[in-house]
Amino acid sequence: MGILILIGLALAGVIVAGYLVGVFNQLVQIKVNVDKSWSNIEVLEKQRYDEIPKLVKVCEGYMKYERETLEKVIEARTRFLNAQGPADMAQAGSQMAGALKSLFAVAENYPDLKANQNFTQLQGRVTQLENEIADRREFYNESVNINNARIQQVPYVFVAGMAGCSPREMYKVAAEETKSPEISFAFPK
Amino acid sequence: MTFTFKRTRRLFVGACFAVFALGQALHLFGGQVSVDAVCDVTLIFVGAGLIVYGFNVLREERLIADTPTSRVRSVAMGVAELAGIAREKLPLVSPLTGAGCVYYRYLVEEERQSGRSKEWVTVDQGESSQPFYLEDETGRILVDPDGGETILNCAYRETKREGGWLGRRRRYSEWRITQGQPVFVMGTVRKLKDAILERRVRLTEKLQALKRDKERLMSFDTDKDGAISGEEWEAAVRVAQDELLREQVSEAPVKPEDDVAIGKGDAEKTFVLSDRGESAVVQGMALKGYGSLVGGFGVAMLVSMSLLARAGVLPGHLAIQWHNIFS
């Protein structure tokens with residue numbers, strides 16, 4: 001009977017080892033998912049970043065007296081270009097979103113600009129990209145949430161170090177992004 | 001191939017019969033190998049197979065549990081999980097009930113005598129491969145159901161006797177997703193068609209057709225020397241490109257929602273389509289996965305015990321007499 005117990009233990013050992021390999025692979029997959037979801041935000045941020053010069057160029061011709069608003073957009077774009085890591089990028093993204101909000105709000109005062117087809121298309125494109133970025137930020141945060149929860153749970157906590165998993169930073173939206181932009185119209189005298 | 005409980009059971013029984021036949025053959029030809037021992041060894045492999053299958057199901061279950069649900073408008077290419085409402089792309093009718101739906105799967109089984117018992121044998125089965133839309137609050141995306149593992153509630157089941165009182169009993173089952181029904185999909189999102197590649201293929205086809213049409217080809221022979229020079233061929237290519245451009249402009253534009261689809265991927269094969277929520281799908285898969293692990297462990301242990309008893313290591317009465325079971 002002893003040999004049967006040995007076989008049973010060996011078989012159970014194989015199953016436990018297989019289970020632990022599964023746990024390890026799962027943690028690696030979660031880590032990769034977090035990285036991928038971050039890269040997926042960057043893809044859209046880059047697209048938005050590419051649309052800014054076109055938007056500014058279209059607006060320049062009409063909004064001669066709104067240099068400050070346009071400069072804020074360009075400044076936000078430059079800051080976004082130099083941003084590193086989720087916190088910095090979130091802040092730069094918020095600044096850009098705020099600058100764009102102000103730009104679109106001010107544009108309301110220029111009927112010729114609003115009637116320009118290029119502007120309408122670019123505005124639609126930027127708004128669509130912002131919605132998609134917001135979705136992907138949520139997705140990223142959900143991935144981070146899964147990662148941060150899993151690495152503290154049993155049995156994941158025992159292999160998290162081996163899999164190179166550590167708590168990840170959430171994409172926190174700055175308080176100013178949730179506020180409406182301040183709009184000041186510089187009417188020509 | 002999807003391993004349902006029924007299919008696994010059939011594989012198990014089939015393996016036992018195959019082993020029994022092999023054992024009989026070995027017995028006839030040499031008499032050195034016991035039929036029961038061959039059964040034991042094979043069933044150890046069946047147990048190991050169940051364990052591997054269990055691990056595979058659990059891997060899929062973890063993948064679903066650890067992938068957040070995306071929104072349609074911002075879904076990225078690659079493995080994704082979506083939840084929404086089913087919407088039809090083209091009208092579809094289920095074959096057994098004639099009900100309108102966006103996806104169906106059906107199974108027709110016949111009751112047959114097998115030794116002392118009766119069993120249901122599949123005589124016909126099928127599923128629709130027509131894509132349908134999944135719609136959430138942000139947009140819609142095509143779902144290509146081909147090759148998916150469907151976890152659906154049975155919409156119709158009826159047992160009828162075919163061909164009068166003496167006829168065989170048939171069981172008809174149908175699973176379907178109807179318009180407006182909530183659906184959950186875990187699969188791979190990909191571009192349905194590569195516009196650049198498609199344009200290149202169509203241009204190649206046009207140029208091949210031009211080469212076959214000698215009369216038209218010679219219309220590009222501007223110097224009338226009876227041969228198409230490099231420059232003349234370039235002019236012909238430019239004309240074909242213009243024609244293609246005109247054709248593409250006149251064609252109906254592709255809807256944005258028809259541009260990408262979720263389905264079975266090339267790298268990640270997991271593709272689950274269900275009318276249940278994510279948690280129910282995950283629970284069902286966990287049950288199946290852990291069930292297979294426990295079952296595989298049980299089979300392997302039982303058969304190991306039998307094999308050891310046959311070898312004289314354990315008491316002889318623990319050996320399972322397979323030939324008595326199958327005879």
# chains A, B, ... in the order shown; residues from 1 in each chain; ligands from 1

call {"tool": "interface_residues", "arguments": {"of": "chain B", "to": "chain A", "cutoff": "7 Å", "atoms": "only C-alpha atoms", "output": "number ranges by chain"}}
result
B: 59, 62, 66, 68, 70-71, 73-74, 76, 301, 305, 314

call {"tool": "select_by_dssp", "arguments": {"residues": "segment 140-326 of chain B", "states": "strand (DSSP E or B)", "output": "ChimeraX atom specification"}}
result
/B:140-143,149-151,154-161,169-177,182-191,260-263,272-274

call {"tool": "residues_around", "arguments": {"residues": "Val157 of chain A", "least_positions_apart": "2", "cutoff": "12 Å", "atoms": "only C-alpha atoms", "output": "VMD selection string"}}
result
chain A and resid 20 23 to 24 27 147 to 155 159 to 167

call {"tool": "residues_around", "arguments": {"residues": "segment 206-213 of chain B", "least_positions_apart": "3", "cutoff": "12 Å", "atoms": "only C-alpha atoms", "output": "NGL selection string"}}
result
:B and (199-203 or 216-220 or 228 or 233-245 or 247)

call {"tool": "residues_around", "arguments": {"residues": "segment 309-311 of chain B", "least_positions_apart": "2", "cutoff": "10 Å", "atoms": "only C-alpha atoms", "output": "list in words"}}
result
Met1 and Leu4 of chain A; Ser34, Asp36, Ala37, Asp40, Val303, Ser304, Met305, Ser306, Leu307, Val313, Leu314, Pro315, Gly316, His317, Leu318, Ala319, Ile320 and Gln321 of chain B

call {"tool": "select_by_dssp", "arguments": {"residues": "segment 57-292 of chain B", "states": "helix (DSSP H, G or I)", "output": "PyMOL selection string"}}
result
chain B and resi 57-65+72-74+195-212+214-218+230-250+256-258+278-292

call {"tool": "closest_residue", "arguments": {"among": "A:Glu68, A:Ala76, A:Phe104, A:Lys57", "to": "Ala90 of chain A", "atoms": "only C-alpha atoms"}}
result
A:Ala76
